[in-house]
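Pasting structure-v1.csv here (CSV, C-alpha atoms):
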chain,number,residue,atom,x,y,z
A,1,MET,CA,41.3,231.0,-52.4
A,2,LYS,CA,44.1,231.8,-50.0
A,3,TYR,CA,41.9,234.6,-48.5
A,4,ARG,CA,39.1,232.1,-47.9
A,5,ILE,CA,41.4,229.7,-46.1
A,6,MET,CA,42.7,232.5,-43.8
A,7,LEU,CA,39.2,233.7,-43.1
A,8,PHE,CA,38.0,230.1,-42.3
A,9,SER,CA,41.1,229.6,-40.0
A,10,LEU,CA,40.4,232.9,-38.2
A,11,TYR,CA,36.7,232.1,-37.8
A,12,SER,CA,37.6,228.6,-36.4
A,13,CYS,CA,40.1,230.1,-33.9
A,14,LEU,CA,37.5,232.6,-32.7
A,15,LEU,CA,34.8,229.9,-32.4
A,16,ALA,CA,37.2,227.6,-30.4
A,17,ALA,CA,38.2,230.4,-28.1
A,18,SER,CA,34.7,231.4,-27.3
A,19,CYS,CA,33.4,227.9,-26.5
A,20,GLU,CA,34.0,227.5,-22.8
A,21,ASN,CA,31.4,225.7,-20.7
A,22,ASP,CA,30.8,226.1,-17.0
A,23,GLU,CA,31.6,222.7,-15.6
A,24,SER,CA,28.7,222.8,-13.0
A,25,LYS,CA,26.2,223.6,-15.7
A,26,VAL,CA,27.4,220.8,-17.9
A,27,ARG,CA,27.2,218.4,-14.9
A,28,GLN,CA,23.7,219.6,-14.1
A,29,MET,CA,22.6,219.0,-17.7
A,30,LEU,CA,24.0,215.5,-17.7
A,31,ASN,CA,22.3,214.6,-14.4
A,32,LYS,CA,18.8,215.5,-15.7
A,33,ARG,CA,16.7,212.5,-16.6
A,34,VAL,CA,15.5,212.4,-20.1
A,35,GLY,CA,11.7,212.2,-20.5
A,36,VAL,CA,11.0,213.6,-17.0
A,37,GLU,CA,9.0,216.7,-16.4
A,38,GLU,CA,9.2,218.3,-12.9
A,39,ALA,CA,6.8,220.6,-11.1
A,40,ASP,CA,7.2,222.2,-7.7
A,41,SER,CA,4.4,223.2,-5.2
A,42,VAL,CA,1.6,221.5,-7.2
A,43,THR,CA,-2.1,222.1,-6.6
A,44,ILE,CA,-4.5,220.3,-8.9
A,45,ASN,CA,-8.3,220.8,-8.8
A,46,TYR,CA,-10.5,218.0,-10.0
A,47,THR,CA,-13.9,219.0,-11.0
A,48,SER,CA,-17.0,217.4,-12.5
A,49,GLY,CA,-19.9,219.3,-13.9
A,50,GLY,CA,-18.4,222.5,-12.6
A,51,LYS,CA,-18.2,221.3,-9.0
A,52,ILE,CA,-15.0,220.6,-7.1
A,53,GLN,CA,-14.5,216.9,-6.4
A,54,ALA,CA,-11.0,217.0,-5.0
A,55,ILE,CA,-7.9,219.1,-4.5
A,56,LEU,CA,-4.5,217.5,-4.7
A,57,THR,CA,-1.4,219.2,-3.3
A,58,ALA,CA,2.2,218.0,-3.4
A,59,PRO,CA,5.6,219.7,-3.0
A,60,LEU,CA,7.0,217.9,-6.1
A,61,MET,CA,5.4,216.1,-9.0
A,62,LEU,CA,7.3,214.2,-11.7
A,63,ARG,CA,5.8,213.2,-15.0
A,64,ILE,CA,7.8,210.4,-16.4
A,65,GLN,CA,7.5,209.7,-20.2
A,66,ASP,CA,8.7,206.2,-21.0
A,67,THR,CA,7.1,203.2,-22.7
A,68,VAL,CA,4.5,203.5,-20.0
A,69,SER,CA,3.8,207.1,-18.7
A,70,LEU,CA,3.3,207.7,-15.0
A,71,ILE,CA,3.1,210.6,-12.6
A,72,GLU,CA,5.0,210.3,-9.3
A,73,PHE,CA,4.8,212.3,-6.0
A,74,PRO,CA,8.1,211.3,-4.4
A,75,GLN,CA,8.0,213.7,-1.4
A,76,THR,CA,4.3,213.6,-0.2
A,77,VAL,CA,0.9,214.0,-1.5
A,78,GLN,CA,-2.4,215.1,0.0
A,79,VAL,CA,-5.9,215.0,-1.5
A,80,ILE,CA,-9.0,216.6,0.0
A,81,PHE,CA,-12.3,215.1,-1.3
A,82,TYR,CA,-15.5,217.1,-1.5
A,83,ASN,CA,-19.2,216.1,-1.7
A,84,ASP,CA,-21.8,217.4,-4.1
A,85,ALA,CA,-22.4,220.4,-1.8
A,86,SER,CA,-18.7,221.3,-2.1
A,87,ILE,CA,-18.1,220.4,1.6
A,88,ALA,CA,-14.8,218.7,2.4
A,89,GLU,CA,-15.6,215.1,3.4
A,90,SER,CA,-12.3,213.3,3.7
A,91,LYS,CA,-8.6,213.8,3.4
A,92,LEU,CA,-5.9,211.4,2.2
A,93,SER,CA,-2.2,211.8,2.8
A,94,ALA,CA,0.9,209.7,2.0
A,95,ARG,CA,4.6,210.2,1.8
A,96,TYR,CA,4.7,208.7,-1.7
A,97,GLY,CA,2.3,208.4,-4.6
A,98,LYS,CA,2.3,207.1,-8.1
A,99,TYR,CA,-0.4,207.5,-10.8
A,100,ARG,CA,-0.3,204.9,-13.5
A,101,GLU,CA,-2.1,206.6,-16.4
A,102,TYR,CA,-2.5,203.4,-18.4
A,103,ARG,CA,-4.4,201.8,-15.5
A,104,ASP,CA,-6.1,204.9,-14.2
A,105,GLU,CA,-4.9,203.8,-10.7
A,106,VAL,CA,-3.0,205.5,-7.9
A,107,LEU,CA,-0.6,203.7,-5.6
A,108,LEU,CA,0.0,205.4,-2.2
A,109,LYS,CA,2.8,204.2,0.1
A,110,ASP,CA,4.4,205.0,3.4
A,111,SER,CA,2.3,206.4,6.3
A,112,VAL,CA,-0.9,206.5,4.3
A,113,ARG,CA,-3.8,208.1,6.2
A,114,VAL,CA,-7.5,208.7,5.2
A,115,ILE,CA,-9.6,210.7,7.5
A,116,ASN,CA,-13.4,211.1,7.3
A,117,PHE,CA,-14.2,214.5,8.6
A,118,LEU,CA,-17.9,213.8,9.3
A,119,LYS,CA,-17.5,210.6,11.2
A,120,GLY,CA,-14.1,211.2,12.6
A,121,ASP,CA,-12.8,207.8,11.5
A,122,THR,CA,-9.1,207.4,10.4
A,123,LEU,CA,-7.5,204.7,8.3
A,124,MET,CA,-3.8,204.0,8.7
A,125,THR,CA,-1.8,201.7,6.4
A,126,GLU,CA,1.5,201.5,4.6
A,127,GLU,CA,0.0,200.8,1.1
A,128,LEU,CA,-3.3,201.8,-0.5
A,129,TYR,CA,-4.6,201.8,-4.0
A,130,TRP,CA,-7.1,204.3,-5.3
A,131,ASP,CA,-9.1,203.2,-8.4
A,132,ARG,CA,-12.0,205.4,-9.5
A,133,SER,CA,-13.5,202.7,-11.7
A,134,ARG,CA,-14.3,200.6,-8.6
A,135,THR,CA,-17.4,202.6,-7.7
A,136,GLY,CA,-18.2,202.4,-4.0
A,137,ARG,CA,-14.9,200.8,-3.1
A,138,GLU,CA,-12.4,203.1,-4.7
A,139,PHE,CA,-9.8,202.5,-2.0
A,140,TYR,CA,-8.4,199.0,-1.4
A,141,THR,CA,-5.3,197.2,0.0
A,142,ASN,CA,-4.1,193.8,0.9
A,143,SER,CA,-1.7,195.2,3.5
A,144,PRO,CA,-2.3,195.5,7.3
A,145,VAL,CA,-4.7,198.3,8.2
A,146,ARG,CA,-5.8,200.1,11.3
A,147,ILE,CA,-9.0,202.0,11.5
A,148,ARG,CA,-9.6,204.3,14.5
A,149,THR,CA,-13.3,205.2,15.2
A,150,LYS,CA,-14.6,207.3,18.1
A,151,THR,CA,-15.1,204.2,20.2
A,152,GLN,CA,-12.9,201.5,18.7
A,153,ILE,CA,-9.6,200.6,17.1
A,154,LEU,CA,-10.0,198.0,14.3
A,155,ASP,CA,-7.0,196.0,13.0
A,156,GLY,CA,-7.0,193.7,10.0
A,157,ILE,CA,-5.4,192.6,6.8
A,158,GLY,CA,-6.8,194.1,3.6
A,159,MET,CA,-9.6,196.5,3.2
A,160,GLU,CA,-12.0,198.1,0.7
A,161,ALA,CA,-13.6,201.6,1.2
A,162,SER,CA,-15.6,204.2,-0.5
A,163,GLN,CA,-13.7,207.3,-1.6
A,164,ASP,CA,-15.5,209.4,1.1
A,165,PHE,CA,-14.5,206.7,3.6
A,166,LYS,CA,-18.1,206.5,4.9
A,167,ASN,CA,-18.2,202.8,4.2
A,168,TYR,CA,-15.4,200.3,4.6
A,169,HIS,CA,-14.9,196.6,4.9
A,170,ILE,CA,-11.9,195.0,6.5
A,171,LEU,CA,-11.2,191.7,4.6
A,172,GLU,CA,-9.6,189.8,7.5
A,173,SER,CA,-10.1,191.3,10.9
A,174,THR,CA,-7.3,190.6,13.4
A,175,GLY,CA,-8.7,192.5,16.4
A,176,ILE,CA,-11.0,195.1,17.9
A,177,ILE,CA,-10.1,197.3,20.8
A,178,ASP,CA,-13.0,199.1,22.6
A,179,LEU,CA,-12.0,202.5,23.9
A,180,PRO,CA,-13.2,203.7,27.3
A,181,ALA,CA,-15.2,206.9,27.4
A,182,SER,CA,-12.2,208.6,29.0
A,183,ALA,CA,-10.0,207.9,26.0
A,184,LEU,CA,-12.5,209.7,23.6
A,185,PRO,CA,-11.7,213.2,22.5
A,186,GLN,CA,-13.8,215.9,24.3
Encoded form using C-alpha coordinates:
Amino acid sequence: MKYRIMLFSLYSCLLAASCENDESKVRQMLNKRVGVEEADSVTINYTSGGKIQAILTAPLMLRIQDTVSLIEFPQTVQVIFYNDASIAESKLSARYGKYREYRDEVLLKDSVRVINFLKGDTLMTEELYWDRSRTGREFYTNSPVRIRTKTQILDGIGMEASQDFKNYHILESTGIIDLPASALPQ
(Lines of atoms letter the chains of each structure in order from A and count residues from 1; the text may use other names and numbers.)
(Lines give C-alpha, C1' and ligand atoms only; values in the text may rest on other atoms or scores of the structure.)
Protein backbone atom coordinates (compact mmCIF):
# COMPACT_ATOMS: atom_id res chain seq x y z
CA MET A 1 0.00 0.00 0.00
CA LYS A 2 2.86 2.36 0.89
CA TYR A 3 4.41 1.57 -2.50
CA ARG A 4 1.17 2.62 -4.32
CA ILE A 5 1.00 5.92 -2.43
CA MET A 6 4.62 6.72 -3.33
CA LEU A 7 4.02 5.78 -6.97
CA PHE A 8 0.88 7.92 -7.13
CA SER A 9 2.74 10.88 -5.53
CA LEU A 10 5.60 10.54 -7.99
CA TYR A 11 3.18 10.35 -10.94
CA SER A 12 1.31 13.45 -9.69
CA CYS A 13 4.57 15.40 -9.36
CA LEU A 14 5.64 14.47 -12.89
CA LEU A 15 2.24 15.35 -14.28
CA ALA A 16 2.18 18.73 -12.51
CA ALA A 17 5.72 19.53 -13.64
CA SER A 18 4.98 18.73 -17.30
CA CYS A 19 1.76 20.79 -17.50
CA GLU A 20 2.93 24.19 -18.57
CA ASN A 21 0.84 26.15 -21.09
CA ASP A 22 2.02 28.80 -23.49
CA GLU A 23 0.16 31.93 -22.36
CA SER A 24 -0.38 33.23 -25.94
CA LYS A 25 -1.88 29.90 -27.03
CA VAL A 26 -4.25 29.90 -24.06
CA ARG A 27 -5.34 33.49 -24.85
CA GLN A 28 -5.85 32.56 -28.51
CA MET A 29 -8.04 29.60 -27.55
CA LEU A 30 -10.12 31.74 -25.18
CA ASN A 31 -10.65 34.42 -27.85
CA LYS A 32 -12.10 31.98 -30.39
CA ARG A 33 -15.85 32.18 -30.68
CA VAL A 34 -17.69 28.96 -30.02
CA GLY A 35 -19.88 27.81 -32.91
CA VAL A 36 -18.04 29.83 -35.57
CA GLU A 37 -16.33 28.18 -38.52
CA GLU A 38 -13.87 30.32 -40.47
CA ALA A 39 -12.70 30.03 -44.08
CA ASP A 40 -10.13 32.20 -45.87
CA SER A 41 -9.91 32.99 -49.61
CA VAL A 42 -13.30 31.47 -50.43
CA THR A 43 -14.52 30.62 -53.93
CA ILE A 44 -17.96 29.02 -54.23
CA ASN A 45 -19.37 27.83 -57.58
CA TYR A 46 -23.16 27.71 -57.88
CA THR A 47 -24.39 25.37 -60.60
CA SER A 48 -27.74 24.16 -61.86
CA GLY A 49 -28.11 21.24 -64.24
CA GLY A 50 -24.35 21.12 -64.65
CA LYS A 51 -24.16 24.76 -65.78
CA ILE A 52 -22.43 27.50 -63.84
CA GLN A 53 -24.91 30.06 -62.48
CA ALA A 54 -22.64 32.18 -60.27
CA ILE A 55 -19.18 32.31 -58.72
CA LEU A 56 -18.84 33.87 -55.27
CA THR A 57 -15.45 35.01 -53.94
CA ALA A 58 -14.57 36.48 -50.55
CA PRO A 59 -11.40 36.87 -48.49
CA LEU A 60 -13.15 35.65 -45.32
CA MET A 61 -16.31 33.64 -44.65
CA LEU A 62 -17.74 32.92 -41.21
CA ARG A 63 -20.37 30.24 -40.64
CA ILE A 64 -22.06 31.01 -37.34
CA GLN A 65 -23.92 28.13 -35.67
CA ASP A 66 -26.38 29.54 -33.16
CA THR A 67 -30.11 29.21 -32.62
CA VAL A 68 -30.34 30.61 -36.16
CA SER A 69 -27.45 29.72 -38.49
CA LEU A 70 -25.98 32.29 -40.84
CA ILE A 71 -23.02 32.84 -43.10
CA GLU A 72 -21.21 36.16 -42.92
CA PHE A 73 -18.73 37.84 -45.28
CA PRO A 74 -17.27 40.58 -43.05
CA GLN A 75 -14.46 41.81 -45.33
CA THR A 76 -16.01 41.91 -48.84
CA VAL A 77 -17.95 39.67 -51.16
CA GLN A 78 -18.18 39.49 -54.95
CA VAL A 79 -20.51 37.40 -57.13
CA ILE A 80 -20.36 37.03 -60.91
CA PHE A 81 -23.62 35.79 -62.46
CA TYR A 82 -23.68 33.73 -65.67
CA ASN A 83 -26.43 33.16 -68.25
CA ASP A 84 -27.45 29.77 -69.69
CA ALA A 85 -24.64 30.03 -72.28
CA SER A 86 -22.11 30.36 -69.41
CA ILE A 87 -21.38 33.99 -70.31
CA ALA A 88 -20.82 36.41 -67.44
CA GLU A 89 -23.81 38.81 -67.39
CA SER A 90 -23.44 40.81 -64.20
CA LYS A 91 -21.25 41.35 -61.18
CA LEU A 92 -22.26 42.17 -57.62
CA SER A 93 -19.85 43.49 -54.99
CA ALA A 94 -20.21 44.75 -51.42
CA ARG A 95 -18.01 45.35 -48.42
CA TYR A 96 -20.25 43.17 -46.20
CA GLY A 97 -22.63 40.28 -46.78
CA LYS A 98 -24.79 38.04 -44.63
CA TYR A 99 -26.68 34.94 -45.76
CA ARG A 100 -29.60 34.00 -43.55
CA GLU A 101 -30.08 30.30 -44.24
CA TYR A 102 -33.49 30.03 -42.59
CA ARG A 103 -34.86 32.77 -44.91
CA ASP A 104 -32.73 31.88 -47.97
CA GLU A 105 -31.93 35.59 -48.20
CA VAL A 106 -28.71 37.57 -48.58
CA LEU A 107 -28.21 41.04 -47.08
CA LEU A 108 -25.49 43.15 -48.71
CA LYS A 109 -24.27 46.37 -47.13
CA ASP A 110 -21.74 49.14 -47.59
CA SER A 111 -20.77 50.26 -51.08
CA VAL A 112 -22.99 47.76 -52.89
CA ARG A 113 -22.51 47.70 -56.68
CA VAL A 114 -24.26 45.66 -59.36
CA ILE A 115 -22.95 45.97 -62.91
CA ASN A 116 -24.68 44.59 -66.00
CA PHE A 117 -21.87 43.76 -68.43
CA LEU A 118 -24.10 43.65 -71.53
CA LYS A 119 -25.92 46.98 -71.02
CA GLY A 120 -23.22 48.76 -69.06
CA ASP A 121 -25.66 49.86 -66.32
CA THR A 122 -24.42 50.16 -62.74
CA LEU A 123 -26.50 50.15 -59.54
CA MET A 124 -25.07 51.80 -56.43
CA THR A 125 -26.65 51.61 -52.99
CA GLU A 126 -25.71 51.08 -49.35
CA GLU A 127 -28.06 48.15 -48.69
CA LEU A 128 -29.44 45.49 -50.99
CA TYR A 129 -31.27 42.20 -50.47
CA TRP A 130 -30.96 39.20 -52.75
CA ASP A 131 -33.79 36.66 -52.54
CA ARG A 132 -33.81 33.92 -55.20
CA SER A 133 -37.45 33.07 -54.46
CA ARG A 134 -38.55 36.47 -55.90
CA THR A 135 -38.24 35.38 -59.54
CA GLY A 136 -37.60 38.31 -61.86
CA ARG A 137 -37.00 40.73 -58.97
CA GLU A 138 -34.37 38.92 -56.92
CA PHE A 139 -32.65 42.17 -55.87
CA TYR A 140 -34.56 44.71 -53.81
CA THR A 141 -34.01 47.57 -51.37
CA ASN A 142 -35.86 50.40 -49.66
CA SER A 143 -32.67 52.45 -49.41
CA PRO A 144 -31.57 55.28 -51.72
CA VAL A 145 -30.26 54.02 -55.06
CA ARG A 146 -28.36 55.45 -58.01
CA ILE A 147 -28.36 53.76 -61.40
CA ARG A 148 -25.92 54.93 -64.02
CA THR A 149 -26.77 54.04 -67.61
CA LYS A 150 -24.87 55.05 -70.74
CA THR A 151 -26.95 58.22 -71.10
CA GLN A 152 -28.48 58.92 -67.66
CA ILE A 153 -28.04 58.90 -63.92
CA LEU A 154 -31.23 57.80 -62.15
CA ASP A 155 -31.71 58.50 -58.44
CA GLY A 156 -34.45 57.15 -56.23
CA ILE A 157 -35.57 55.49 -53.04
CA GLY A 158 -36.17 51.74 -53.23
CA MET A 159 -35.72 49.43 -56.17
CA GLU A 160 -36.44 45.96 -57.50
CA ALA A 161 -34.31 44.29 -60.16
CA SER A 162 -33.78 40.97 -61.87
CA GLN A 163 -30.68 39.01 -60.91
CA ASP A 164 -29.02 39.74 -64.26
CA PHE A 165 -29.89 43.43 -63.73
CA LYS A 166 -31.43 43.65 -67.23
CA ASN A 167 -34.73 44.84 -65.78
CA TYR A 168 -35.13 47.17 -62.80
CA HIS A 169 -37.78 49.40 -61.32
CA ILE A 170 -37.05 52.36 -59.03
CA LEU A 171 -39.91 52.58 -56.52
CA GLU A 172 -39.69 56.34 -55.86
CA SER A 173 -37.73 58.33 -58.43
CA THR A 174 -36.08 61.47 -57.07
CA GLY A 175 -34.25 62.64 -60.19
CA ILE A 176 -32.90 61.93 -63.63
CA ILE A 177 -29.77 63.52 -65.01
CA ASP A 178 -29.20 63.30 -68.77
CA LEU A 179 -25.55 63.00 -69.69
CA PRO A 180 -24.11 64.86 -72.66
CA ALA A 181 -22.51 62.78 -75.40
CA SER A 182 -19.10 64.09 -74.34
CA ALA A 183 -19.54 62.47 -70.89
CA LEU A 184 -20.10 59.04 -72.39
CA PRO A 185 -17.21 56.56 -72.43
CA GLN A 186 -15.59 56.14 -75.85
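Residue nearest Glu105 of chain A, chosen from A:Val145, A:Ala54, A:Leu128, A:Ile170 and counting all atoms listed in the file: A:Leu128.
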For the point (-6.4, 194.7, 24.4) in file coordinates, what residues are within 12 Å, counting all atoms listed in the file? Give the answer as a ChimeraX atom specification? /A:152-155,174-180
For those residues, write C-alpha atoms to a file as a short mmCIF file (atom, residue, chain, number, x, y, z; two decimals), in the coordinates of the input.
data_model
loop_
_atom_site.label_atom_id
_atom_site.label_comp_id
_atom_site.auth_asym_id
_atom_site.auth_seq_id
_atom_site.Cartn_x
_atom_site.Cartn_y
_atom_site.Cartn_z
CA GLN A 152 -12.90 201.50 18.70
CA ILE A 153 -9.60 200.60 17.10
CA LEU A 154 -10.00 198.00 14.30
CA ASP A 155 -7.00 196.00 13.00
CA THR A 174 -7.30 190.60 13.40
CA GLY A 175 -8.70 192.50 16.40
CA ILE A 176 -11.00 195.10 17.90
CA ILE A 177 -10.10 197.30 20.80
CA ASP A 178 -13.00 199.10 22.60
CA LEU A 179 -12.00 202.50 23.90
CA PRO A 180 -13.20 203.70 27.30
#
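Nearest residue to Ile115 of chain A among A:Ile71, A:Ile64, A:Ala85, A:Ile147 is A:Ile147, counting only C-alpha atoms.
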Which distance in Å separates atom CA of Thr125 of chain A and atom CA of Arg113 of chain A, to one decimal? 6.7 Å
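Reported to one decimal place, the separation of atom CA of Thr151 of chain A from atom CA of Trp130 of chain A is 26.7 Å.
Nearest residue to Met61 of chain A, choosing from A:Ile44, A:Ala39, A:Ile87, A:Ile157 and counting all atoms listed in the file: A:Ala39.
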Please, can segment 138-167 of chain A be completed to N, CA and C atoms and returned as a PDB file, keeping the file's coordinate frame?
ATOM      1  N   GLU A 138     -13.482 202.509  -3.981  1.00  0.00           N
ATOM      2  CA  GLU A 138     -12.400 203.100  -4.700  1.00  0.00           C
ATOM      3  C   GLU A 138     -11.008 202.841  -4.051  1.00  0.00           C
ATOM      4  N   PHE A 139     -10.996 202.801  -2.706  1.00  0.00           N
ATOM      5  CA  PHE A 139      -9.800 202.500  -2.000  1.00  0.00           C
ATOM      6  C   PHE A 139      -9.712 201.018  -1.661  1.00  0.00           C
ATOM      7  N   TYR A 140      -8.519 200.426  -1.840  1.00  0.00           N
ATOM      8  CA  TYR A 140      -8.400 199.000  -1.400  1.00  0.00           C
ATOM      9  C   TYR A 140      -6.895 198.719  -1.166  1.00  0.00           C
ATOM     10  N   THR A 141      -6.688 197.686  -0.366  1.00  0.00           N
ATOM     11  CA  THR A 141      -5.300 197.200   0.000  1.00  0.00           C
ATOM     12  C   THR A 141      -5.388 195.790   0.434  1.00  0.00           C
ATOM     13  N   ASN A 142      -4.284 195.106   0.326  1.00  0.00           N
ATOM     14  CA  ASN A 142      -4.100 193.800   0.900  1.00  0.00           C
ATOM     15  C   ASN A 142      -3.126 193.833   2.072  1.00  0.00           C
ATOM     16  N   SER A 143      -2.692 195.012   2.417  1.00  0.00           N
ATOM     17  CA  SER A 143      -1.700 195.200   3.500  1.00  0.00           C
ATOM     18  C   SER A 143      -2.469 195.334   4.842  1.00  0.00           C
ATOM     19  N   PRO A 144      -1.713 195.250   5.949  1.00  0.00           N
ATOM     20  CA  PRO A 144      -2.300 195.500   7.300  1.00  0.00           C
ATOM     21  C   PRO A 144      -2.909 196.886   7.361  1.00  0.00           C
ATOM     22  N   VAL A 145      -4.059 196.982   8.024  1.00  0.00           N
ATOM     23  CA  VAL A 145      -4.700 198.300   8.200  1.00  0.00           C
ATOM     24  C   VAL A 145      -5.120 198.458   9.660  1.00  0.00           C
ATOM     25  N   ARG A 146      -5.260 199.699  10.040  1.00  0.00           N
ATOM     26  CA  ARG A 146      -5.800 200.100  11.300  1.00  0.00           C
ATOM     27  C   ARG A 146      -6.800 201.183  11.104  1.00  0.00           C
ATOM     28  N   ILE A 147      -8.010 201.001  11.640  1.00  0.00           N
ATOM     29  CA  ILE A 147      -9.000 202.000  11.500  1.00  0.00           C
ATOM     30  C   ILE A 147      -9.406 202.444  12.950  1.00  0.00           C
ATOM     31  N   ARG A 148      -9.284 203.737  13.186  1.00  0.00           N
ATOM     32  CA  ARG A 148      -9.600 204.300  14.500  1.00  0.00           C
ATOM     33  C   ARG A 148     -10.961 205.021  14.351  1.00  0.00           C
ATOM     34  N   THR A 149     -11.968 204.543  15.099  1.00  0.00           N
ATOM     35  CA  THR A 149     -13.300 205.200  15.200  1.00  0.00           C
ATOM     36  C   THR A 149     -13.316 205.982  16.485  1.00  0.00           C
ATOM     37  N   LYS A 150     -14.454 206.577  16.791  1.00  0.00           N
ATOM     38  CA  LYS A 150     -14.600 207.300  18.100  1.00  0.00           C
ATOM     39  C   LYS A 150     -14.586 206.354  19.258  1.00  0.00           C
ATOM     40  N   THR A 151     -14.979 205.098  19.052  1.00  0.00           N
ATOM     41  CA  THR A 151     -15.100 204.200  20.200  1.00  0.00           C
ATOM     42  C   THR A 151     -14.247 202.907  20.044  1.00  0.00           C
ATOM     43  N   GLN A 152     -13.596 202.704  18.884  1.00  0.00           N
ATOM     44  CA  GLN A 152     -12.900 201.500  18.700  1.00  0.00           C
ATOM     45  C   GLN A 152     -11.602 201.668  17.831  1.00  0.00           C
ATOM     46  N   ILE A 153     -10.702 200.710  17.967  1.00  0.00           N
ATOM     47  CA  ILE A 153      -9.600 200.600  17.100  1.00  0.00           C
ATOM     48  C   ILE A 153      -9.735 199.211  16.397  1.00  0.00           C
ATOM     49  N   LEU A 154      -9.831 199.197  15.073  1.00  0.00           N
ATOM     50  CA  LEU A 154     -10.000 198.000  14.300  1.00  0.00           C
ATOM     51  C   LEU A 154      -8.761 197.646  13.541  1.00  0.00           C
ATOM     52  N   ASP A 155      -8.230 196.448  13.724  1.00  0.00           N
ATOM     53  CA  ASP A 155      -7.000 196.000  13.000  1.00  0.00           C
ATOM     54  C   ASP A 155      -7.420 194.887  12.055  1.00  0.00           C
ATOM     55  N   GLY A 156      -6.707 194.805  10.938  1.00  0.00           N
ATOM     56  CA  GLY A 156      -7.000 193.700  10.000  1.00  0.00           C
ATOM     57  C   GLY A 156      -5.976 193.717   8.853  1.00  0.00           C
ATOM     58  N   ILE A 157      -6.192 192.753   7.985  1.00  0.00           N
ATOM     59  CA  ILE A 157      -5.400 192.600   6.800  1.00  0.00           C
ATOM     60  C   ILE A 157      -6.319 192.804   5.591  1.00  0.00           C
ATOM     61  N   GLY A 158      -6.017 193.775   4.759  1.00  0.00           N
ATOM     62  CA  GLY A 158      -6.800 194.100   3.600  1.00  0.00           C
ATOM     63  C   GLY A 158      -8.073 194.855   3.904  1.00  0.00           C
ATOM     64  N   MET A 159      -8.493 195.673   2.962  1.00  0.00           N
ATOM     65  CA  MET A 159      -9.600 196.500   3.200  1.00  0.00           C
ATOM     66  C   MET A 159     -10.126 197.102   1.865  1.00  0.00           C
ATOM     67  N   GLU A 160     -11.405 197.396   1.806  1.00  0.00           N
ATOM     68  CA  GLU A 160     -12.000 198.100   0.700  1.00  0.00           C
ATOM     69  C   GLU A 160     -12.835 199.241   1.318  1.00  0.00           C
ATOM     70  N   ALA A 161     -12.811 200.422   0.693  1.00  0.00           N
ATOM     71  CA  ALA A 161     -13.600 201.600   1.200  1.00  0.00           C
ATOM     72  C   ALA A 161     -14.021 202.467   0.125  1.00  0.00           C
ATOM     73  N   SER A 162     -15.117 203.180   0.409  1.00  0.00           N
ATOM     74  CA  SER A 162     -15.600 204.200  -0.500  1.00  0.00           C
ATOM     75  C   SER A 162     -14.646 205.384  -0.472  1.00  0.00           C
ATOM     76  N   GLN A 163     -14.653 206.187  -1.524  1.00  0.00           N
ATOM     77  CA  GLN A 163     -13.700 207.300  -1.600  1.00  0.00           C
ATOM     78  C   GLN A 163     -13.965 208.329  -0.487  1.00  0.00           C
ATOM     79  N   ASP A 164     -15.190 208.492  -0.033  1.00  0.00           N
ATOM     80  CA  ASP A 164     -15.500 209.400   1.100  1.00  0.00           C
ATOM     81  C   ASP A 164     -15.176 208.771   2.427  1.00  0.00           C
ATOM     82  N   PHE A 165     -14.828 207.490   2.419  1.00  0.00           N
ATOM     83  CA  PHE A 165     -14.500 206.700   3.600  1.00  0.00           C
ATOM     84  C   PHE A 165     -15.656 206.612   4.589  1.00  0.00           C
ATOM     85  N   LYS A 166     -16.882 206.733   4.075  1.00  0.00           N
ATOM     86  CA  LYS A 166     -18.100 206.500   4.900  1.00  0.00           C
ATOM     87  C   LYS A 166     -18.306 205.049   5.128  1.00  0.00           C
ATOM     88  N   ASN A 167     -18.027 204.257   4.107  1.00  0.00           N
ATOM     89  CA  ASN A 167     -18.200 202.800   4.200  1.00  0.00           C
ATOM     90  C   ASN A 167     -16.915 202.099   3.928  1.00  0.00           C
TER      91      ASN A 167
END
